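**Student:** What follows is the file structure-v4.csv, containing CSV, C-alpha atoms and all ligand atoms:
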```csv
chain,number,residue,atom,x,y,z
F,1,MET,CA,0.0,0.0,0.0
F,2,ARG,CA,1.1,3.6,-0.5
F,3,ILE,CA,0.6,6.2,2.3
F,4,LYS,CA,1.1,9.9,1.8
F,5,ILE,CA,2.3,11.8,4.8
F,6,ILE,CA,1.7,15.5,4.3
F,7,ASN,CA,3.6,18.0,6.4
F,8,PRO,CA,1.4,21.0,5.7
F,9,ASN,CA,4.3,23.4,6.5
F,10,THR,CA,6.9,24.0,3.9
F,11,THR,CA,10.0,23.2,5.9
F,12,TRP,CA,11.5,20.2,4.1
F,13,SER,CA,13.9,19.2,6.9
F,14,MET,CA,10.9,18.5,9.1
F,15,THR,CA,9.2,16.7,6.2
F,16,GLU,CA,12.2,14.4,5.8
F,17,LYS,CA,12.3,13.7,9.6
F,18,ILE,CA,8.6,13.0,9.6
F,19,GLY,CA,9.0,10.6,6.6
F,20,ALA,CA,11.9,8.8,8.3
F,21,CYS,CA,9.9,8.3,11.5
F,22,ALA,CA,6.9,7.0,9.5
F,23,ARG,CA,9.0,4.6,7.6
F,24,SER,CA,10.5,3.3,10.8
F,25,VAL,CA,7.1,2.1,12.0
F,26,ALA,CA,5.5,1.1,8.7
F,27,ARG,CA,5.1,-2.5,7.6
F,28,PRO,CA,7.6,-3.9,5.0
F,29,GLY,CA,5.0,-3.7,2.2
F,30,THR,CA,4.0,-0.1,2.9
F,31,GLN,CA,5.5,2.7,0.7
F,32,ILE,CA,5.7,6.0,2.5
F,33,VAL,CA,5.5,9.2,0.4
F,34,ALA,CA,6.4,12.2,2.6
F,35,VAL,CA,5.8,15.7,1.1
F,36,SER,CA,5.4,19.4,1.9
F,37,PRO,CA,3.1,21.5,-0.3
F,38,SER,CA,4.6,23.8,-2.9
F,39,MET,CA,3.0,26.8,-1.2
F,40,GLY,CA,2.3,27.7,2.4
F,41,PRO,CA,3.8,28.8,5.7
F,42,ALA,CA,7.3,27.6,6.9
F,43,SER,CA,5.6,26.6,10.2
F,44,ILE,CA,2.1,26.5,11.6
F,45,GLU,CA,1.8,28.4,14.9
F,46,SER,CA,-1.5,30.3,14.5
F,47,HIS,CA,-5.0,30.2,13.0
F,48,TYR,CA,-3.6,32.4,10.2
F,49,ASP,CA,-0.8,29.9,9.4
F,50,GLU,CA,-3.2,27.0,9.6
F,51,ALA,CA,-5.8,28.6,7.2
F,52,LEU,CA,-3.1,29.4,4.7
F,53,ALA,CA,-1.6,25.9,4.9
F,54,VAL,CA,-4.9,24.2,3.8
F,55,PRO,CA,-4.9,25.1,0.1
F,56,GLY,CA,-1.4,23.5,-0.4
F,57,LEU,CA,-2.5,20.5,1.7
F,58,LEU,CA,-5.5,20.0,-0.5
F,59,GLN,CA,-3.4,20.2,-3.6
F,60,GLU,CA,-1.3,17.3,-2.2
F,61,ILE,CA,-4.5,15.3,-1.5
F,62,ALA,CA,-5.7,15.9,-5.1
F,63,ALA,CA,-2.4,14.9,-6.5
F,64,GLY,CA,-2.5,11.8,-4.3
F,65,GLU,CA,-5.9,10.8,-5.7
F,66,ARG,CA,-4.4,11.0,-9.2
F,67,GLU,CA,-1.4,8.9,-8.1
F,68,GLY,CA,-3.6,6.2,-6.5
F,69,ILE,CA,-2.5,6.8,-2.9
F,70,ASP,CA,-4.3,4.5,-0.5
F,71,GLY,CA,-4.4,6.7,2.6
F,72,TYR,CA,-3.1,10.0,4.1
F,73,VAL,CA,-1.7,11.3,7.3
F,74,ILE,CA,-1.9,15.1,8.0
F,75,ALA,CA,1.3,15.6,9.9
F,76,CYS,CA,0.5,18.8,11.9
F,77,PHE,CA,-0.9,18.8,15.4
F,78,GLY,CA,-3.7,21.2,14.5
F,79,ASP,CA,-5.0,18.6,12.0
F,80,PRO,CA,-5.6,21.4,9.4
F,81,GLY,CA,-8.0,20.7,6.6
F,82,LEU,CA,-8.8,17.2,7.9
F,83,LYS,CA,-12.5,17.1,6.9
F,84,ALA,CA,-11.9,18.9,3.5
F,85,ALA,CA,-9.1,16.3,2.9
F,86,ARG,CA,-11.6,13.5,3.7
F,87,GLU,CA,-14.1,14.9,1.2
F,88,LEU,CA,-11.4,14.8,-1.6
F,89,ALA,CA,-9.9,11.4,-0.7
F,90,ARG,CA,-11.3,8.0,-1.5
F,91,GLY,CA,-9.2,6.3,1.1
F,92,PRO,CA,-8.9,7.1,4.8
F,93,VAL,CA,-7.3,10.3,6.2
F,94,VAL,CA,-6.1,10.9,9.8
F,95,GLY,CA,-4.6,13.8,11.5
F,96,ILE,CA,-1.8,13.3,14.0
F,97,ALA,CA,-3.6,14.9,16.9
F,98,GLU,CA,-6.7,12.7,16.4
F,99,ALA,CA,-4.6,9.6,16.0
F,100,ALA,CA,-2.3,10.3,19.0
F,101,MET,CA,-5.1,11.3,21.4
F,102,HIS,CA,-7.1,8.1,20.6
F,103,LEU,CA,-4.1,5.8,21.1
F,104,ALA,CA,-3.1,7.7,24.4
F,105,SER,CA,-6.7,7.1,25.7
F,106,MET,CA,-6.1,3.3,25.3
F,107,VAL,CA,-2.9,3.1,27.4
F,108,GLY,CA,-3.8,5.5,30.2
F,109,SER,CA,-6.7,6.9,32.0
F,110,SER,CA,-5.4,10.4,31.3
F,111,PHE,CA,-2.8,12.1,29.1
F,112,SER,CA,-1.2,15.5,28.8
F,113,VAL,CA,-0.4,17.2,25.5
F,114,VAL,CA,3.0,18.9,25.4
F,115,THR,CA,3.2,21.3,22.5
F,116,THR,CA,5.2,24.3,21.2
F,117,LEU,CA,3.7,27.7,21.6
F,118,GLY,CA,1.1,28.7,24.2
F,119,ARG,CA,-1.0,30.3,21.5
F,120,THR,CA,-1.8,26.9,20.0
F,121,VAL,CA,-3.0,25.4,23.3
F,122,GLY,CA,-6.6,26.5,22.6
F,123,GLN,CA,-6.6,24.6,19.3
F,124,ALA,CA,-5.4,21.4,21.0
F,125,TRP,CA,-8.2,21.7,23.6
F,126,HIS,CA,-10.7,22.3,20.8
F,127,LEU,CA,-9.5,19.1,19.0
F,128,ALA,CA,-9.7,17.1,22.3
F,129,GLU,CA,-13.3,18.4,22.6
F,130,ILE,CA,-14.4,17.6,19.1
F,131,TYR,CA,-12.7,14.2,19.1
F,132,GLY,CA,-14.4,13.2,22.4
F,133,MET,CA,-11.0,13.0,24.1
F,134,LYS,CA,-11.5,15.9,26.7
F,135,ARG,CA,-12.3,13.4,29.5
F,136,PHE,CA,-8.9,11.8,29.0
F,137,CYS,CA,-7.0,15.0,28.4
F,138,ALA,CA,-5.7,16.2,31.8
F,139,ASN,CA,-3.9,19.2,30.4
F,140,VAL,CA,-2.4,20.9,27.3
F,141,ARG,CA,1.1,22.4,28.0
F,142,ALA,CA,3.3,24.6,25.9
F,143,CYS,CA,7.1,24.7,26.1
F,144,GLU,CA,7.2,28.1,24.4
F,145,ILE,CA,9.4,26.8,21.7
F,146,PRO,CA,8.9,28.0,18.1
F,147,VAL,CA,8.2,25.1,15.8
F,148,LEU,CA,11.3,25.7,13.7
F,149,GLU,CA,13.6,25.7,16.8
F,150,LEU,CA,13.0,22.0,16.8
F,151,GLU,CA,15.0,21.9,13.5
F,152,ALA,CA,17.8,24.1,14.8
F,153,PRO,CA,21.0,22.2,15.5
F,154,HIS,CA,22.3,22.4,19.1
F,155,SER,CA,19.0,23.9,20.3
F,156,LYS,CA,18.0,23.1,23.9
F,157,ALA,CA,14.5,22.1,22.7
F,158,ARG,CA,14.8,18.5,23.6
F,159,GLU,CA,15.8,19.2,27.2
F,160,ARG,CA,13.0,21.7,27.6
F,161,ILE,CA,10.4,19.3,26.2
F,162,VAL,CA,11.5,16.5,28.5
F,163,GLU,CA,11.2,18.9,31.5
F,164,GLU,CA,7.7,20.0,30.5
F,165,CYS,CA,6.7,16.3,30.1
F,166,ARG,CA,8.1,15.6,33.6
F,167,ARG,CA,6.1,18.5,35.0
F,168,ALA,CA,3.0,17.1,33.2
F,169,LEU,CA,3.4,13.7,34.9
F,170,GLU,CA,3.9,15.3,38.3
F,171,GLU,CA,1.4,18.2,38.2
F,172,ASP,CA,-1.3,16.9,35.9
F,173,ALA,CA,-1.3,13.3,37.3
F,174,SER,CA,-1.1,12.2,33.7
F,175,GLU,CA,-0.3,8.6,32.8
F,176,ALA,CA,0.8,9.3,29.3
F,177,ILE,CA,2.2,12.1,27.1
F,178,VAL,CA,1.0,13.2,23.6
F,179,LEU,CA,3.6,15.1,21.7
F,180,GLY,CA,1.9,18.2,20.4
F,181,CYS,CA,4.0,18.8,17.2
F,182,ALA,CA,5.0,16.7,14.2
F,183,GLY,CA,8.5,18.2,14.6
F,184,MET,CA,8.8,16.3,17.9
F,185,THR,CA,8.5,12.9,16.2
F,186,ASP,CA,12.2,12.0,16.5
F,187,LEU,CA,12.1,12.7,20.3
F,188,CYS,CA,9.4,10.1,21.2
F,189,GLU,CA,11.6,7.2,22.0
F,190,HIS,CA,14.1,9.2,24.0
F,191,ILE,CA,11.3,10.8,26.1
F,192,GLY,CA,9.5,7.5,26.7
F,193,GLN,CA,12.8,5.9,27.9
F,194,THR,CA,13.7,8.9,30.0
F,195,LEU,CA,10.3,9.1,31.8
F,196,GLY,CA,9.1,5.5,31.7
F,197,VAL,CA,5.6,6.3,30.6
F,198,PRO,CA,3.8,5.9,27.2
F,199,VAL,CA,4.7,8.8,24.9
F,200,ILE,CA,2.6,9.0,21.8
F,201,ASP,CA,3.9,10.5,18.6
F,202,GLY,CA,1.1,11.3,16.2
F,203,VAL,CA,3.2,10.6,13.1
F,204,ALA,CA,3.8,7.0,14.1
F,205,ALA,CA,0.3,6.6,15.4
F,206,GLY,CA,-1.2,8.0,12.3
F,207,THR,CA,0.9,5.9,10.0
F,208,GLN,CA,-0.1,2.6,11.6
F,209,MET,CA,-3.7,3.7,11.9
F,210,ILE,CA,-3.9,4.3,8.2
F,211,GLU,CA,-2.2,1.0,7.6
F,212,SER,CA,-4.9,-0.7,9.7
F,213,LEU,CA,-7.8,1.2,8.0
F,214,VAL,CA,-6.5,0.4,4.5
F,215,SER,CA,-5.9,-3.3,5.4
F,216,LEU,CA,-9.5,-3.5,6.8
F,217,ARG,CA,-10.7,-1.8,3.5
F,218,LEU,CA,-12.2,1.0,5.5
F,219,ALA,CA,-12.3,4.0,3.1
F,220,THR,CA,-13.8,7.4,3.9
F,221,SER,CA,-17.6,7.1,3.7
F,222,LYS,CA,-19.0,9.1,0.7
F,223,ARG,CA,-22.5,9.0,2.1
F,224,GLY,CA,-23.3,12.5,3.5
F,225,GLU,CA,-20.9,15.0,5.0
F,226,LEU,CA,-17.6,13.6,3.6
F,227,ALA,CA,-18.9,13.0,0.0
F,228,GLN,CA,-16.9,14.5,-2.8
F,229,PRO,CA,-17.2,18.4,-2.9
F,230,LEU,CA,-19.8,19.8,-5.3
F,231,PRO,CA,-18.6,21.0,-8.7
F,232,LYS,CA,-17.9,24.7,-8.4
F,233,ALA,CA,-15.9,27.4,-10.0
F,234,PHE,CA,-13.1,29.1,-8.1
F,235,VAL,CA,-11.5,32.3,-9.3
F,236,GLY,CA,-8.3,34.3,-8.7
F,237,LEU,CA,-5.5,32.6,-6.9
F,238,LEU,CA,-7.7,29.6,-6.2
F,239,GLU,CA,-8.8,29.1,-9.8
F,240,GLY,CA,-6.9,25.8,-9.9
F,241,PHE,CA,-9.2,24.4,-7.3
F,242,THR,CA,-12.2,24.5,-9.6
F,243,LEU,CA,-14.1,21.2,-9.5
F,244,SER,CA,-15.7,19.9,-12.7
F,245,PRO,CA,-18.8,17.7,-12.8
F,246,PRO,CA,-17.9,14.0,-12.7
F,247,PRO,CA,-18.0,12.4,-16.2
F,248,GLN,CA,-21.5,11.3,-17.1
F,249,ARG,CA,-22.0,7.5,-17.1
F,250,SER,CA,-22.8,6.4,-20.7
F,251,ALA,CA,-26.5,5.1,-20.8
T,301,LIG,C1,3.0,21.0,13.7
T,301,LIG,N1,2.9,23.3,13.6
T,301,LIG,O1,2.8,19.8,14.1
T,301,LIG,C2,2.3,22.2,14.4
T,301,LIG,C3,2.6,22.2,15.9
T,301,LIG,C4,1.9,23.3,16.6
T,301,LIG,O2,4.2,23.5,11.8
T,301,LIG,N2,3.7,21.5,12.7
T,301,LIG,C5,3.7,22.8,12.7
T,301,LIG,O3,2.5,24.0,17.3
T,301,LIG,O4,0.7,23.4,16.4
```
With the file now loaded, output its structure as structure tokens.
Ligand code: 5HY
**Tutor:**
Amino acid sequence: MRIKIINPNTTWSMTEKIGACARSVARPGTQIVAVSPSMGPASIESHYDEALAVPGLLQEIAAGEREGIDGYVIACFGDPGLKAARELARGPVVGIAEAAMHLASMVGSSFSVVTTLGRTVGQAWHLAEIYGMKRFCANVRACEIPVLELEAPHSKARERIVEECRRALEEDASEAIVLGCAGMTDLCEHIGQTLGVPVIDGVAAGTQMIESLVSLRLATSKRGELAQPLPKAFVGLLEGFTLSPPPQRSA
């Protein structure tokens, strides 16, 4: 099977790291295609960034549909454009926040999310609410680390994230940690070994969740809300997103 992992920001070093982590957990027969869109923000740290990341993300989904991709992972903790992506895709699509929170709820009675900037904490709480995970989510914490600092060589980001995770276990009485940024994917094993609790990385969780869904032949339902978008003209910068009517079946 072929899974497309989309890092919706345009920082390719993070995309390569995400792809490497996805490949490290994927089954032997799974091909991982890791991409960033050709347009969009270098990192996603606000609603503005997130909104402007979605067009490029959807371009990658549309390309995947032409390429015969079996399933998709949206590798950004805000799960941007998730439902729009599900409308476009035939196969399953998961966001790393949704995947990570669900797996965390299966290995502990509570988890804390440890993410980057404080201004994104509200979005993580919002996702926990809409995913029905609020009862498991003890807290959402920010390390006040800009996303791209995770890519900076010699940064102290790893130490600061470990310390915030340690505080989460002590102060939130959490039993597991959810890493609140795709850029933390390479820290998961180290943090788990250091703290001795389950640490869930959404990139790994999403990759194996898509493998399971595809193996079970569970594609996105096209009955109702997630059916293909309606044919429509788009103008200006978005002209390329125009959707033509499906080919008429010959009588
Ligand atoms: C992410 N931003 O996973 C989110 C993390 C965040 O560029 N990739 C980003 O802080 O929401």
**Student:** Would you list the residues that come within 6 Å of ligand LIG 301 (chain T)? Count only C-alpha atoms and all ligand atoms and give the answer as a list in words.
**Tutor:** Asn9, Ser43, Ile44, Glu45, Cys76, Phe77, Gly78, Thr115, Thr116, Leu117, Thr120, Val147, Cys181, Ala182 and Gly183 of chain F
**Student:** (8.2, 23.7, 25.9) in this file's frame - what residues fall within 9 Å of it? Use only C-alpha atoms and give the answer as a list in words.
**Tutor:**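 The answer, in the requested form, is Val114, Thr115, Thr116, Leu117, Gly118, Arg141, Ala142, Cys143, Glu144, Ile145, Pro146, Ala157, Arg158, Glu159, Arg160, Ile161, Val162, Glu163, Glu164 and Cys165 of chain F.
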**Student:** Work out how far CA of Ala62 (chain F) is from CA of Leu148 (chain F), in Å to one decimal.
**Tutor:**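 Rounded to one decimal, the two atoms are 27.2 Å apart.
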**Student:** One number please: CA of Gln193 (chain F) to CA of Gly132 (chain F), in Å, one decimal.
**Tutor:**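 The value is 28.7 Å.
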**Student:** Using Å and a single decimal, report how far CA of Ala205 (chain F) sits from CA of Ile61 (chain F).
**Tutor:** 19.6 Å
**Student:** Measuring between only C-alpha atoms, which one of F:Cys188, F:Gly180, F:Gly95, F:Leu213 shows the shortest distance to Lys83 (chain F)?
**Tutor:**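 Looking at the shortest contact to Lys83 (chain F), the residue is F:Gly95.
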**Student:** Would you tabulate, counting only C-alpha atoms, all residues of region 37-118 of chain F that have an atom at most 12 Å from an atom of region 233-241 of chain F, showing the closest pair of atoms and their distance in Å to one decimal, sorted by chain then ascending number, as CSV?
**Tutor:**
```
residue,atom,partner,partner_atom,distance
F:Met39,CA,F:Leu237,CA,11.8
F:Leu52,CA,F:Leu238,CA,11.8
F:Val54,CA,F:Leu238,CA,11.7
F:Pro55,CA,F:Leu238,CA,8.2
F:Gly56,CA,F:Phe241,CA,10.5
F:Leu57,CA,F:Phe241,CA,11.9
F:Leu58,CA,F:Phe241,CA,8.9
F:Gln59,CA,F:Phe241,CA,8.1
F:Glu60,CA,F:Phe241,CA,11.8
F:Ile61,CA,F:Phe241,CA,11.8
F:Ala62,CA,F:Phe241,CA,9.5
F:Ala63,CA,F:Phe241,CA,11.7
F:Leu88,CA,F:Phe241,CA,11.4
```
**Student:** When distances are computed from only C-alpha atoms, which of F:Val33, F:Ala97, F:Met106, F:Ala42 shows the smallest separation from Trp12 (chain F)?
**Tutor:** F:Ala42
**Student:** Which of these residues is nearest to Ile210 (chain F), using only C-alpha atoms: F:Glu149, F:Asp79, F:Asp70, F:Glu175?
**Tutor:**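 When distances to Ile210 (chain F) are compared using only C-alpha atoms, the smallest one comes from F:Asp70.
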**Student:** Rank nothing, just name the residue among F:Met1, F:Leu150, F:Ile69, F:Leu103 nearest to Met14 (chain F), using all atoms listed in the file.
**Tutor:**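 Comparing F:Met1, F:Leu150, F:Ile69, F:Leu103 against Met14 (chain F), the winner is F:Leu150.
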**Student:** Ranking F:Ala89, F:Ala22, F:Val107, F:Ala53 by minimum distance to Ala227 (chain F) and counting all atoms listed in the file, which one comes first?
**Tutor:** F:Ala89
**Student:** Given the choices F:Arg223, F:Arg166, F:Arg86, F:Lys232, which gets closest to Val199 (chain F) if the distance is worked out from only C-alpha atoms?
**Tutor:** F:Arg166
